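Everything below belongs to target34.txt, which stores compact mmCIF, C-alpha atoms.
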# COMPACT_ATOMS: atom_id res chain seq x y z
CA MET A 1 52.77 45.98 92.79
CA ASN A 2 51.01 47.42 89.78
CA ARG A 3 49.08 44.94 87.73
CA ARG A 4 50.47 44.25 84.31
CA LEU A 5 48.15 45.85 81.82
CA GLY A 6 46.94 45.32 78.32
CA ALA A 7 47.69 42.94 75.51
CA THR A 8 51.06 42.40 73.94
CA ALA A 9 51.90 42.74 70.29
CA GLY A 10 51.78 39.24 68.89
CA VAL A 11 51.76 37.26 65.70
CA LEU A 12 48.20 36.98 64.43
CA ALA A 13 46.75 33.85 62.94
CA LEU A 14 43.86 33.34 60.57
CA VAL A 15 43.99 36.79 59.05
CA ILE A 16 42.23 36.61 55.70
CA ALA A 17 42.39 39.45 53.18
CA CYS A 18 38.69 39.68 52.55
CA ALA A 19 35.46 40.34 54.41
CA PRO A 20 33.87 37.49 56.38
CA ALA A 21 31.80 35.20 54.21
CA ARG A 22 28.04 35.43 54.51
CA THR A 23 26.34 32.67 56.42
CA PRO A 24 22.70 31.66 56.94
CA PRO A 25 20.96 33.49 59.81
CA VAL A 26 22.16 32.27 63.17
CA THR A 27 21.05 33.25 66.67
CA LYS A 28 23.57 33.33 69.49
CA PRO A 29 23.97 34.74 73.00
CA VAL A 30 25.74 38.07 73.40
CA SER A 31 27.34 39.66 76.44
CA PHE A 32 29.90 42.29 77.34
CA ALA A 33 32.41 43.18 80.04
CA VAL A 34 34.71 46.12 80.73
CA LEU A 35 38.31 45.69 81.83
CA GLU A 36 40.25 47.55 84.49
CA ASP A 37 42.96 46.28 86.83
CA TYR A 38 43.17 47.27 90.50
CA ASP A 39 46.08 46.69 92.85
CA LYS A 40 45.34 45.14 96.21
CA GLY A 41 44.46 47.96 98.54
CA THR A 42 43.16 50.36 95.88
CA ASP A 43 40.79 52.89 97.44
CA LEU A 44 37.35 51.37 96.93
CA ARG A 45 35.92 54.83 96.37
CA LEU A 46 37.95 54.93 93.16
CA VAL A 47 36.69 51.48 92.22
CA ALA A 48 33.11 52.60 92.87
CA ARG A 49 33.68 55.59 90.59
CA ASP A 50 34.65 53.21 87.80
CA PHE A 51 31.73 50.90 88.54
CA VAL A 52 29.43 53.90 88.01
CA LEU A 53 31.00 54.30 84.56
CA LEU A 54 30.40 50.61 83.81
CA ARG A 55 26.74 51.00 84.70
CA ASP A 56 26.51 54.15 82.59
CA LEU A 57 27.90 52.19 79.65
CA GLY A 58 25.25 49.55 80.23
CA VAL A 59 27.92 46.91 80.96
CA PRO A 60 27.61 45.86 84.61
CA ALA A 61 30.40 43.29 84.30
CA TRP A 62 34.11 43.66 85.13
CA ARG A 63 37.19 41.69 84.12
CA GLY A 64 40.62 42.14 85.65
CA SER A 65 43.42 40.41 87.51
CA PHE A 66 43.58 38.84 90.95
CA GLY A 67 47.32 38.37 91.36
CA TRP A 68 48.63 35.30 93.12
CA ASP A 69 51.66 37.39 94.09
CA ASP A 70 49.35 39.89 95.82
CA TYR A 71 47.04 37.52 97.64
CA GLU A 72 49.47 34.81 98.79
CA PRO A 73 52.66 36.81 99.34
CA GLU A 74 54.20 34.01 101.39
CA PRO A 75 53.51 30.27 101.29
CA GLY A 76 50.20 29.56 102.99
CA ARG A 77 49.69 33.18 104.13
CA TYR A 78 46.65 34.58 102.37
CA ASP A 79 45.85 38.28 102.37
CA LEU A 80 42.21 38.42 101.22
CA PRO A 81 40.35 41.19 103.14
CA TRP A 82 40.55 43.62 100.21
CA LEU A 83 39.18 40.97 97.84
CA ARG A 84 36.20 40.43 100.14
CA ALA A 85 35.60 44.18 100.28
CA PHE A 86 35.91 44.42 96.50
CA ALA A 87 33.33 41.65 96.01
CA THR A 88 31.03 43.25 98.60
CA LEU A 89 31.18 46.54 96.69
CA ALA A 90 30.43 44.76 93.39
CA ASP A 91 27.43 43.02 94.95
CA SER A 92 26.10 46.31 96.29
CA MET A 93 26.41 48.00 92.87
CA GLY A 94 25.16 45.12 90.74
CA ILE A 95 28.50 44.49 89.01
CA ALA A 96 29.41 40.97 87.90
CA LEU A 97 33.05 39.97 88.43
CA ARG A 98 35.05 37.86 85.98
CA PRO A 99 38.63 37.86 87.29
CA TYR A 100 41.62 36.07 85.92
CA LEU A 101 44.14 34.47 88.28
CA GLY A 102 47.81 34.73 87.52
CA TYR A 103 51.12 36.39 88.31
CA THR A 104 53.29 33.83 90.08
CA PRO A 105 54.87 35.01 93.36
CA ALA A 106 58.64 34.79 93.66
CA TRP A 107 58.45 32.13 96.36
CA ALA A 108 56.42 29.83 94.07
CA ALA A 109 58.19 30.47 90.75
CA ARG A 110 60.10 27.70 89.02
CA GLY A 111 62.37 30.00 87.06
CA GLY A 112 62.49 30.45 83.32
CA ARG A 113 64.28 31.95 80.37
CA ASP A 114 63.83 35.62 81.25
CA ASP A 115 64.65 37.58 84.41
CA GLN A 116 61.03 37.89 85.55
CA VAL A 117 59.21 35.61 88.00
CA TRP A 118 55.57 36.71 87.62
CA ASN A 119 55.22 34.86 84.28
CA ASP A 120 56.91 31.64 85.48
CA PRO A 121 55.11 28.33 85.88
CA PRO A 122 54.79 27.36 89.53
CA ARG A 123 57.49 25.12 90.95
CA ARG A 124 54.89 23.00 92.77
CA ILE A 125 51.53 22.60 91.08
CA GLU A 126 49.92 21.88 94.46
CA ASP A 127 50.66 25.43 95.63
CA TRP A 128 48.88 26.88 92.62
CA SER A 129 45.85 24.62 92.92
CA ARG A 130 45.53 25.43 96.61
CA PHE A 131 45.62 29.17 95.88
CA ALA A 132 42.92 28.87 93.19
CA GLU A 133 40.74 26.83 95.56
CA THR A 134 41.22 29.28 98.44
CA VAL A 135 40.24 32.33 96.38
CA ALA A 136 37.22 30.55 94.89
CA ARG A 137 36.06 29.28 98.29
CA THR A 138 36.54 32.70 99.88
CA LEU A 139 34.48 34.47 97.21
CA ALA A 140 31.87 31.75 96.66
CA PRO A 141 29.34 33.48 98.98
CA TYR A 142 29.38 36.62 96.78
CA PRO A 143 26.86 36.44 93.90
CA ALA A 144 28.93 38.98 91.93
CA VAL A 145 31.68 36.46 91.18
CA ARG A 146 30.74 34.53 88.04
CA SER A 147 33.94 32.96 86.70
CA TYR A 148 37.69 32.58 86.94
CA GLU A 149 40.22 32.61 84.12
CA ILE A 150 43.53 30.74 84.30
CA TYR A 151 46.43 33.16 83.68
CA ASN A 152 46.36 35.52 80.67
CA GLU A 153 47.83 35.62 77.14
CA GLU A 154 49.78 32.48 77.96
CA ASN A 155 50.49 31.57 74.33
CA VAL A 156 53.29 34.17 74.05
CA PRO A 157 56.60 34.10 75.99
CA LEU A 158 56.17 37.60 77.40
CA TRP A 159 53.20 36.42 79.46
CA TRP A 160 54.09 32.75 80.01
CA ASP A 161 57.71 31.72 80.48
CA GLY A 162 56.99 28.02 80.18
CA THR A 163 55.88 25.45 77.66
CA ALA A 164 52.42 24.66 76.40
CA GLU A 165 52.57 21.45 78.44
CA ASP A 166 53.38 23.50 81.56
CA TYR A 167 50.33 25.64 80.93
CA ALA A 168 48.12 22.61 80.37
CA GLU A 169 49.11 21.32 83.81
CA VAL A 170 48.40 24.72 85.40
CA LEU A 171 45.06 24.91 83.60
CA ARG A 172 43.93 21.50 84.82
CA ALA A 173 45.11 22.06 88.39
CA GLY A 174 43.65 25.55 88.57
CA ALA A 175 40.30 24.44 87.19
CA ALA A 176 40.16 21.58 89.70
CA GLY A 177 40.93 23.95 92.58
CA ILE A 178 38.31 26.48 91.48
CA ARG A 179 35.65 23.79 91.20
CA ARG A 180 36.47 22.48 94.66
CA GLY A 181 36.16 26.00 96.04
CA ASP A 182 33.09 27.10 94.06
CA PRO A 183 31.38 24.45 91.94
CA ASP A 184 29.07 27.07 90.40
CA ALA A 185 31.82 29.28 88.95
CA GLU A 186 32.72 29.02 85.28
CA VAL A 187 36.33 28.33 84.35
CA LEU A 188 37.87 30.13 81.37
CA LEU A 189 40.97 29.25 79.44
CA GLY A 190 43.41 32.14 79.69
CA GLY A 191 42.63 34.55 76.88
CA MET A 192 45.01 33.81 74.02
CA VAL A 193 46.70 36.65 72.12
CA TRP A 194 45.13 35.33 68.91
CA PRO A 195 42.97 32.32 67.95
CA ASP A 196 45.72 29.74 68.40
CA ALA A 197 44.57 26.23 67.51
CA GLU A 198 48.03 24.79 68.03
CA TRP A 199 48.03 25.93 71.64
CA LEU A 200 44.75 24.10 72.21
CA GLU A 201 46.34 20.79 71.28
CA HIS A 202 48.03 20.89 74.67
CA ALA A 203 45.41 22.77 76.69
CA CYS A 204 42.72 20.28 75.74
CA ALA A 205 44.98 17.23 75.78
CA GLY A 206 43.30 16.00 72.58
CA LYS A 207 40.15 14.87 74.37
CA ALA A 208 36.93 16.38 73.03
CA SER A 209 35.05 15.71 76.27
CA GLY A 210 37.94 16.44 78.59
CA ALA A 211 38.75 20.14 78.14
CA PRO A 212 39.04 21.55 81.67
CA PHE A 213 37.41 24.90 80.84
CA ASP A 214 33.90 26.16 80.05
CA VAL A 215 34.69 29.13 77.80
CA LEU A 216 37.30 29.59 75.05
CA PRO A 217 38.53 33.21 74.91
CA PHE A 218 41.06 35.07 72.79
CA HIS A 219 42.04 38.71 72.29
CA ALA A 220 41.80 41.04 69.30
CA TYR A 221 43.67 44.33 68.87
CA PRO A 222 43.66 44.95 65.11
CA GLU A 223 44.93 48.40 64.13
CA THR A 224 46.72 48.81 67.47
CA TRP A 225 49.13 45.84 67.60
CA THR A 226 48.95 44.60 64.02
CA PRO A 227 50.49 45.52 60.68
CA ASP A 228 48.58 48.18 58.75
CA SER A 229 47.17 45.51 56.44
CA VAL A 230 45.38 43.77 59.33
CA THR A 231 42.21 45.78 59.82
CA VAL A 232 39.35 44.98 62.15
CA GLU A 233 37.37 43.65 59.18
CA ARG A 234 40.16 41.26 58.17
CA TYR A 235 41.16 40.01 61.59
CA LEU A 236 38.65 37.14 61.48
CA GLY A 237 38.10 35.89 57.96
CA PRO A 238 36.73 32.62 56.58
CA GLY A 239 39.66 30.76 58.11
CA PHE A 240 38.37 31.56 61.58
CA GLY A 241 35.41 29.24 61.08
CA THR A 242 36.92 26.67 58.76
CA SER A 243 40.25 26.34 60.55
CA PHE A 244 40.25 27.62 64.12
CA LEU A 245 36.70 26.77 65.22
CA ALA A 246 36.79 23.38 63.55
CA ALA A 247 40.07 22.55 65.27
CA ALA A 248 38.90 23.93 68.62
CA ASP A 249 35.69 21.88 68.54
CA SER A 250 37.58 18.75 67.62
CA LEU A 251 40.24 19.21 70.28
CA CYS A 252 38.21 20.67 73.15
CA GLY A 253 34.57 19.97 72.43
CA ARG A 254 32.26 22.80 71.45
CA ARG A 255 32.68 25.71 73.86
CA PRO A 256 31.39 29.30 73.85
CA VAL A 257 33.91 31.53 72.09
CA TRP A 258 34.67 34.96 73.54
CA ILE A 259 36.78 37.91 72.49
CA ASN A 260 37.44 38.89 76.08
CA GLU A 261 39.87 41.71 75.27
CA THR A 262 39.61 44.14 72.40
CA GLY A 263 40.31 47.81 71.95
CA PHE A 264 41.92 50.64 69.99
CA ALA A 265 44.65 52.90 71.39
CA THR A 266 44.62 56.63 70.77
CA THR A 267 48.40 56.84 70.62
CA PRO A 268 49.87 60.04 69.13
CA GLY A 269 48.91 60.08 65.46
CA LYS A 270 45.61 58.24 66.02
CA THR A 271 42.56 60.32 66.77
CA GLU A 272 39.77 59.87 69.27
CA ARG A 273 37.33 60.05 66.37
CA GLU A 274 39.12 57.08 64.79
CA GLN A 275 38.75 55.20 68.07
CA ALA A 276 35.01 55.83 68.14
CA GLU A 277 34.57 54.68 64.54
CA TRP A 278 36.78 51.65 65.25
CA TRP A 279 34.44 50.53 68.01
CA ALA A 280 31.46 50.67 65.64
CA ARG A 281 33.37 48.64 63.07
CA ALA A 282 34.55 46.19 65.72
CA PHE A 283 31.12 45.54 67.24
CA ALA A 284 29.66 44.87 63.79
CA SER A 285 32.58 42.78 62.50
CA PHE A 286 33.19 40.68 65.59
CA LEU A 287 29.57 40.05 66.53
CA ALA A 288 28.85 38.98 62.94
CA ALA A 289 31.69 36.44 63.11
CA PRO A 290 30.77 32.79 63.65
CA ARG A 291 30.30 31.80 67.30
CA VAL A 292 31.69 34.99 68.89
CA GLU A 293 29.36 35.59 71.85
CA HIS A 294 31.14 38.14 74.02
CA LEU A 295 33.23 41.30 73.74
CA GLY A 296 35.56 42.45 76.52
CA ILE A 297 36.00 46.20 76.22
CA TYR A 298 39.56 47.22 77.02
CA GLU A 299 39.53 49.46 78.99
CA ILE A 300 37.68 52.05 81.02
CA ARG A 301 40.51 54.57 81.60
CA ASP A 302 43.77 55.63 80.00
CA GLN A 303 46.70 54.74 82.24
CA ARG A 304 48.82 57.40 83.87
CA LEU A 305 52.14 57.74 82.08
CA ASP A 306 54.03 56.98 85.30
CA THR A 307 52.21 53.65 85.71
CA PRO A 308 54.49 50.64 85.03
CA VAL A 309 53.07 48.41 82.32
CA ILE A 310 54.36 45.46 80.38
CA GLY A 311 54.34 46.24 76.69
CA ASP A 312 54.66 49.43 74.74
CA ALA A 313 53.02 52.85 74.35
CA PRO A 314 49.52 51.72 73.27
CA ASN A 315 48.94 50.28 76.76
CA TYR A 316 48.58 53.85 78.04
CA TYR A 317 45.93 54.96 75.53
CA LEU A 318 43.25 52.25 75.32
CA GLY A 319 40.73 53.88 77.65
CA LEU A 320 37.28 55.21 76.90
CA VAL A 321 37.97 57.88 79.53
CA ARG A 322 40.99 60.20 79.56
CA ARG A 323 43.44 60.44 82.45
CA ASP A 324 41.72 63.60 83.70
CA GLY A 325 38.39 61.77 83.97
CA THR A 326 36.76 63.30 80.91
CA ARG A 327 35.18 60.99 78.37
CA LYS A 328 36.49 60.32 74.92
CA PRO A 329 33.97 60.20 72.06
CA ALA A 330 34.24 56.40 72.10
CA PHE A 331 32.50 56.28 75.48
CA ALA A 332 29.25 57.47 73.88
CA THR A 333 29.82 55.13 70.92
CA VAL A 334 30.26 52.04 73.08
CA ARG A 335 27.26 53.03 75.23
CA LEU A 336 25.15 53.30 72.07
CA LEU A 337 26.35 49.97 70.69
CA VAL A 338 25.77 48.14 73.96
CA ARG A 339 22.23 49.53 74.08
CA LEU A 340 21.54 48.52 70.48
CA PHE A 341 22.88 45.00 71.07
CA GLY A 342 21.71 44.95 74.66
CA ALA A 343 19.70 41.75 74.75
CA ASP A 344 20.54 38.22 75.76
CA SER A 345 20.85 37.15 72.12
CA ILE A 346 21.19 38.45 68.59
CA THR A 347 20.55 36.96 65.16
CA VAL A 348 23.21 37.52 62.52
CA ALA A 349 21.37 37.87 59.21
CA ASP A 350 23.88 39.25 56.71
CA GLY A 351 22.21 37.30 53.93
CA ASP A 352 19.04 39.36 54.37
CA LEU A 353 20.78 42.60 53.37
CA ASP A 354 22.11 43.69 49.99
CA VAL A 355 24.02 46.93 49.56
CA ARG A 356 24.06 48.47 46.09
CA VAL A 357 26.23 51.36 44.96
CA THR A 358 24.15 54.06 43.27
CA GLU A 359 26.83 56.75 42.90
CA GLY A 360 30.59 56.87 43.04
CA THR A 361 33.10 54.04 43.29
CA PRO A 362 33.40 51.82 46.34
CA GLY A 363 36.75 51.15 47.98
CA GLU A 364 36.44 48.55 50.77
CA LEU A 365 32.71 48.26 51.37
CA TYR A 366 31.36 46.30 54.35
CA HIS A 367 27.92 45.68 55.79
CA HIS A 368 26.23 43.55 58.43
CA LEU A 369 22.65 42.97 59.52
CA PHE A 370 21.47 41.84 62.96
CA ILE A 371 17.97 41.07 64.24
CA ARG A 372 17.16 41.74 67.88
CA PRO A 373 14.75 39.56 69.86
CA ASP A 374 12.13 42.33 69.63
CA GLY A 375 12.22 42.11 65.82
CA ARG A 376 14.10 45.34 65.22
CA ARG A 377 16.96 45.11 62.78
CA LEU A 378 20.36 46.77 63.03
CA ALA A 379 22.14 47.53 59.76
CA PHE A 380 25.78 48.62 59.68
CA VAL A 381 27.41 49.85 56.48
CA TRP A 382 30.75 51.55 55.86
CA ASP A 383 33.53 51.92 53.33
CA ARG A 384 37.06 52.05 54.71
CA THR A 385 38.54 53.92 51.76
CA GLY A 386 35.81 55.06 49.36
CA THR A 387 32.99 57.60 49.21
CA PRO A 388 30.13 55.87 47.38
CA THR A 389 26.45 56.51 47.81
CA VAL A 390 24.59 53.28 48.46
CA GLU A 391 21.15 51.91 49.10
CA LEU A 392 20.32 49.11 51.51
CA ARG A 393 17.86 46.48 50.28
CA LEU A 394 16.25 44.20 52.84
CA ARG A 395 14.34 40.99 52.24
CA SER A 396 11.33 41.93 54.33
CA ALA A 397 9.29 45.13 54.65
CA ILE A 398 10.55 47.88 56.90
CA GLY A 399 8.89 50.34 59.22
CA ARG A 400 10.43 53.42 60.76
CA VAL A 401 14.17 53.80 60.15
CA THR A 402 16.45 55.63 62.61
CA LEU A 403 20.01 56.68 61.80
CA TYR A 404 22.41 56.73 64.77
CA GLU A 405 25.56 58.80 64.81
CA ILE A 406 28.55 57.48 66.73
CA ASP A 407 28.03 60.14 69.40
CA GLY A 408 24.70 58.50 70.23
CA SER A 409 22.49 61.13 68.61
CA SER A 410 19.80 59.99 66.19
CA ARG A 411 17.33 61.15 63.58
CA GLU A 412 14.67 59.53 61.50
CA TRP A 413 15.84 58.52 58.04
CA HIS A 414 13.20 59.47 55.50
CA PRO A 415 14.71 58.24 52.23
CA ALA A 416 13.30 54.78 52.92
CA ASP A 417 10.30 52.86 51.63
CA ARG A 418 9.06 49.28 51.73
CA ARG A 419 12.34 47.34 51.63
CA ILE A 420 14.93 49.96 50.62
CA ILE A 421 16.94 52.53 52.60
CA ARG A 422 18.09 55.04 50.00
CA SER A 423 20.70 57.76 49.53
CA VAL A 424 23.23 56.62 52.12
CA ARG A 425 26.40 58.55 51.42
CA LEU A 426 29.57 57.08 52.90
CA SER A 427 32.89 58.65 53.81
CA PRO A 428 36.11 56.73 54.51
CA GLY A 429 35.94 54.77 57.77
CA ALA A 430 32.66 56.30 58.97
CA VAL A 431 30.00 53.78 59.97
CA ARG A 432 26.33 54.31 59.21
CA ILE A 433 24.15 52.61 61.83
CA PHE A 434 20.43 52.10 61.16
CA GLU A 435 17.79 50.72 63.48
CA ILE A 436 14.85 49.39 61.49
CA GLU A 437 11.49 48.79 63.09
CA PRO A 438 9.24 46.02 61.80
CA ALA A 439 6.63 47.12 59.27
CA SER A 440 3.18 47.82 60.64
CA PRO A 441 0.61 45.07 59.98
Let me see whether you can do it: turn the structure in this file into C-alpha cells.
Amino acid sequence: MNRRLGATAGVLALVIACAPARTPPVTKPVSFAVLEDYDKGTDLRLVARDFVLLRDLGVPAWRGSFGWDDYEPEPGRYDLPWLRAFATLADSMGIALRPYLGYTPAWAARGGRDDQVWNDPPRRIEDWSRFAETVARTLAPYPAVRSYEIYNEENVPLWWDGTAEDYAEVLRAGAAGIRRGDPDAEVLLGGMVWPDAEWLEHACAGKASGAPFDVLPFHAYPETWTPDSVTVERYLGPGFGTSFLAAADSLCGRRPVWINETGFATTPGKTEREQAEWWARAFASFLAAPRVEHLGIYEIRDQRLDTPVIGDAPNYYLGLVRRDGTRKPAFATVRLLVRLFGADSITVADGDLDVRVTEGTPGELYHHLFIRPDGRRLAFVWDRTGTPTVELRLRSAIGRVTLYEIDGSSREWHPADRRIIRSVRLSPGAVRIFEIEPASP
C-alpha cells in the first residue's frame, strides 16, 4: 500500500497580521531533516539514491512513515525484514532515522465516522502498544534510529478518526511501548497540522511533568494550504509565543518545539523560482521564531501523478527534485541555507540589526539577523511587495561581507563599511542573504 503523503489543508491558528516581534538575543539548538515515504519492499537502491541527495543537501536525517498496517498485517505476525535492511542501509550511509508510527491495520481498527480504517483508533490499545514496542526493540541495535513519532496530523479528522481523548490514550500507550523496546529513543507527539494548544489539553492530560513525549512538533505550509493572506512571515506572529508556547509549557512542561514538516508546492501557476525564494523566507522566518529548533523539509521528490495520496494537488509538487530526477532551483537554495545555518546552535539577534530605507517606498519589509557559533552573522532582508533600496545597520563592526544568491552563488559586497551594508536594492519577494565576518582586531 502506498504511504499517505503530505499535509492536509487545515484551519490555522495563531496567525497574526504583522511580522514577529523583536526579542532579545537568544541562542537555541537547530537541526534539520528531509521527508520521504517508502512502502515496505521499496528497492533499497532507490532509497540509497535519495539518501545521497540528503547528504548532498547537508541533511543526513530522514523522516517518514513506518505503517502499522504494513509491518503487522495480521495480529501478532510481524513482517520486519525490510525495516532491518532499511536501518542497515541508513547506518552504512550515515543517515539518522526519525520515523513516525501510524496507519491502523483493518484487523486492529475500531471503526469511525468515515469509510477508512487506516486513520481509526485501535480497538485494543494493547495491540498498538505491543506493535510500538516490537518495532522499537527490533531497531534498537541500529544507531541510525533516533526517535519515534506517534501517528501524524492527528488533530484533524482526515488523519485521525477519533477523539482527542482517544489520541491521548494512543500517545501514552505508544510512548510506553517504545520506551520498553528502546529506552534511548526519543518520543515525539504526532506533528499537529498547526500549533494547536487545545489539542494539548488532552495529549498532556493537564500535568506539566507528565507529558508522555520529548518533543512537541507541528507543521507549517503557508502559501500552499492557506488563504492568500497567510504568508510565511505571518504564520507565526506574536501570538505564537504569548499564546501557544505559554499554554504548551503550562500543559506539557517545557519541550523542544519543532516544525517537522514544511514546504511549498510548485502547483501549476506557482513557479520554481517562487519555491526557492519561499525557502529562504521560511528558514529566516521560522528559525527567528521563539523556540523553533528544527525544520523538516518536505520533501525530496515530487510524487508521480499516478501515486495515490490523501489530500489534493499540492501533494504532488512539494519536492526539491522533479519527477524525472532533475533538481529544482530550491534544491540549491536549501543546500545553501543548511550550510549557512549548519551548526548545532544559532543565536537569533534581530535587535542588533536596523534596516533603513534610503530610496523608494517599502511595501512589506522584513529582516532577521542570526549569529553563528563561529561569530559570523547572517542577515536576511526582503520586501514581499515593494522595491525599496535599503541599508543594513549593525550594532558591532563588520568585516568582509558576502552576498549569497538563492542559487548558492556568491560575491563580495563592497558597499559596506564599519557597521553599515549599503545600497541593497530589493525586488518583490526576493531575499537578500548576507554573511558577515567579524571585524579584524
Among the residues A:Gly408, A:Gly319, A:Pro157, A:Gly296, the one that comes closest to Ala220 in chain A [using all atoms listed in the file]:
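Closest to Ala220 in chain A of all the choices is A:Gly296.
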Which residue out of A:Tyr78, A:Phe218, A:Tyr167, A:Tyr100 has the minimum interatomic distance to Leu236 in chain A when only C-alpha atoms are used?
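Among the listed residues, A:Phe218 lies closest to Leu236 in chain A.
Put simply, CA of Tyr298 in chain A is 25.3 Å away from CA of Phe434 in chain A.
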Residues near Tyr404 in chain A, anyone? I mean within 9 Å using all atoms listed in the file, not counting same-chain ones fewer than 5 positions away, as a PyMOL selection string.
chain A and resi 336+409-412+432-435
What is the CA of Leu251 in chain A-CA of Gly64 in chain A distance in Å, reported with one decimal?
27.6 Å
Which residues are close to Trp128 in chain A, i.e. within 12 Å by only C-alpha atoms, leaving aside same-chain residues fewer than 2 positions away? Reply as a count of residues only.
42
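CA of Glu261 in chain A is found 17.3 Å from CA of Asp214 in chain A.
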Taking only C-alpha atoms into account, name the residue in A:Leu189, A:Ala90, A:Val357, A:Val334 that is nearest to Cys252 in chain A.
A:Leu189
Considering all atoms listed in the file, state which residue in the set A:Phe264, A:Tyr148, A:Tyr221, A:Trp194 is at the smallest distance from Phe244 in chain A.
A:Trp194
Range 421-426 of chain A surroundings by all atoms listed in the file, 12 Å radius, close-in-sequence under 4 positions cut, as a PDB file with C-alpha atoms, in the coordinates of the input:
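What follows is the written file out25.pdb:
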ATOM      1  CA  LEU A 353      20.780  42.600  53.370  1.00  0.00           C
ATOM      2  CA  ASP A 354      22.110  43.690  49.990  1.00  0.00           C
ATOM      3  CA  VAL A 355      24.020  46.930  49.560  1.00  0.00           C
ATOM      4  CA  ARG A 356      24.060  48.470  46.090  1.00  0.00           C
ATOM      5  CA  VAL A 357      26.230  51.360  44.960  1.00  0.00           C
ATOM      6  CA  THR A 358      24.150  54.060  43.270  1.00  0.00           C
ATOM      7  CA  GLU A 359      26.830  56.750  42.900  1.00  0.00           C
ATOM      8  CA  GLY A 360      30.590  56.870  43.040  1.00  0.00           C
ATOM      9  CA  THR A 361      33.100  54.040  43.290  1.00  0.00           C
ATOM     10  CA  PRO A 362      33.400  51.820  46.340  1.00  0.00           C
ATOM     11  CA  GLY A 363      36.750  51.150  47.980  1.00  0.00           C
ATOM     12  CA  GLU A 364      36.440  48.550  50.770  1.00  0.00           C
ATOM     13  CA  LEU A 365      32.710  48.260  51.370  1.00  0.00           C
ATOM     14  CA  TYR A 366      31.360  46.300  54.350  1.00  0.00           C
ATOM     15  CA  HIS A 367      27.920  45.680  55.790  1.00  0.00           C
ATOM     16  CA  ALA A 379      22.140  47.530  59.760  1.00  0.00           C
ATOM     17  CA  PHE A 380      25.780  48.620  59.680  1.00  0.00           C
ATOM     18  CA  VAL A 381      27.410  49.850  56.480  1.00  0.00           C
ATOM     19  CA  TRP A 382      30.750  51.550  55.860  1.00  0.00           C
ATOM     20  CA  ASP A 383      33.530  51.920  53.330  1.00  0.00           C
ATOM     21  CA  ARG A 384      37.060  52.050  54.710  1.00  0.00           C
ATOM     22  CA  THR A 385      38.540  53.920  51.760  1.00  0.00           C
ATOM     23  CA  GLY A 386      35.810  55.060  49.360  1.00  0.00           C
ATOM     24  CA  THR A 387      32.990  57.600  49.210  1.00  0.00           C
ATOM     25  CA  PRO A 388      30.130  55.870  47.380  1.00  0.00           C
ATOM     26  CA  THR A 389      26.450  56.510  47.810  1.00  0.00           C
ATOM     27  CA  VAL A 390      24.590  53.280  48.460  1.00  0.00           C
ATOM     28  CA  GLU A 391      21.150  51.910  49.100  1.00  0.00           C
ATOM     29  CA  LEU A 392      20.320  49.110  51.510  1.00  0.00           C
ATOM     30  CA  ARG A 393      17.860  46.480  50.280  1.00  0.00           C
ATOM     31  CA  LEU A 394      16.250  44.200  52.840  1.00  0.00           C
ATOM     32  CA  ARG A 395      14.340  40.990  52.240  1.00  0.00           C
ATOM     33  CA  ALA A 397       9.290  45.130  54.650  1.00  0.00           C
ATOM     34  CA  ILE A 398      10.550  47.880  56.900  1.00  0.00           C
ATOM     35  CA  GLY A 399       8.890  50.340  59.220  1.00  0.00           C
ATOM     36  CA  ARG A 400      10.430  53.420  60.760  1.00  0.00           C
ATOM     37  CA  VAL A 401      14.170  53.800  60.150  1.00  0.00           C
ATOM     38  CA  THR A 402      16.450  55.630  62.610  1.00  0.00           C
ATOM     39  CA  LEU A 403      20.010  56.680  61.800  1.00  0.00           C
ATOM     40  CA  GLU A 412      14.670  59.530  61.500  1.00  0.00           C
ATOM     41  CA  TRP A 413      15.840  58.520  58.040  1.00  0.00           C
ATOM     42  CA  HIS A 414      13.200  59.470  55.500  1.00  0.00           C
ATOM     43  CA  PRO A 415      14.710  58.240  52.230  1.00  0.00           C
ATOM     44  CA  ALA A 416      13.300  54.780  52.920  1.00  0.00           C
ATOM     45  CA  ASP A 417      10.300  52.860  51.630  1.00  0.00           C
ATOM     46  CA  ALA A 430      32.660  56.300  58.970  1.00  0.00           C
ATOM     47  CA  VAL A 431      30.000  53.780  59.970  1.00  0.00           C
ATOM     48  CA  ARG A 432      26.330  54.310  59.210  1.00  0.00           C
ATOM     49  CA  ILE A 433      24.150  52.610  61.830  1.00  0.00           C
ATOM     50  CA  PHE A 434      20.430  52.100  61.160  1.00  0.00           C
ATOM     51  CA  GLU A 435      17.790  50.720  63.480  1.00  0.00           C
ATOM     52  CA  ILE A 436      14.850  49.390  61.490  1.00  0.00           C
TER      53      ILE A 436
END
From the set A:Asp91, A:Asp302, A:Asp127, A:Glu154, which residue has the shortest atom-to-atom contact distance to Leu139 in chain A, counting all atoms listed in the file?
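Smallest separation from Leu139 in chain A among the options: A:Asp91.
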I want to know what sits within 9 Å of range 36-44 of chain A, based on all atoms listed in the file, with residues of the same chain fewer than 2 positions away left out; could you give that as JSON, numbers by chain?
{"A": [1, 2, 3, 4, 5, 34, 46, 47, 48, 49, 50, 62, 63, 64, 65, 66, 67, 70, 71, 80, 82, 83, 85, 86, 89, 298, 299, 300, 301]}
Output file for the residues above (C-alpha atoms, as a short mmCIF file (atom, residue, chain, number, x, y, z; two decimals), in the frame of the given file):
data_model
loop_
_atom_site.label_atom_id
_atom_site.label_comp_id
_atom_site.auth_asym_id
_atom_site.auth_seq_id
_atom_site.Cartn_x
_atom_site.Cartn_y
_atom_site.Cartn_z
CA MET A 1 52.77 45.98 92.79
CA ASN A 2 51.01 47.42 89.78
CA ARG A 3 49.08 44.94 87.73
CA ARG A 4 50.47 44.25 84.31
CA LEU A 5 48.15 45.85 81.82
CA VAL A 34 34.71 46.12 80.73
CA LEU A 46 37.95 54.93 93.16
CA VAL A 47 36.69 51.48 92.22
CA ALA A 48 33.11 52.60 92.87
CA ARG A 49 33.68 55.59 90.59
CA ASP A 50 34.65 53.21 87.80
CA TRP A 62 34.11 43.66 85.13
CA ARG A 63 37.19 41.69 84.12
CA GLY A 64 40.62 42.14 85.65
CA SER A 65 43.42 40.41 87.51
CA PHE A 66 43.58 38.84 90.95
CA GLY A 67 47.32 38.37 91.36
CA ASP A 70 49.35 39.89 95.82
CA TYR A 71 47.04 37.52 97.64
CA LEU A 80 42.21 38.42 101.22
CA TRP A 82 40.55 43.62 100.21
CA LEU A 83 39.18 40.97 97.84
CA ALA A 85 35.60 44.18 100.28
CA PHE A 86 35.91 44.42 96.50
CA LEU A 89 31.18 46.54 96.69
CA TYR A 298 39.56 47.22 77.02
CA GLU A 299 39.53 49.46 78.99
CA ILE A 300 37.68 52.05 81.02
CA ARG A 301 40.51 54.57 81.60
#
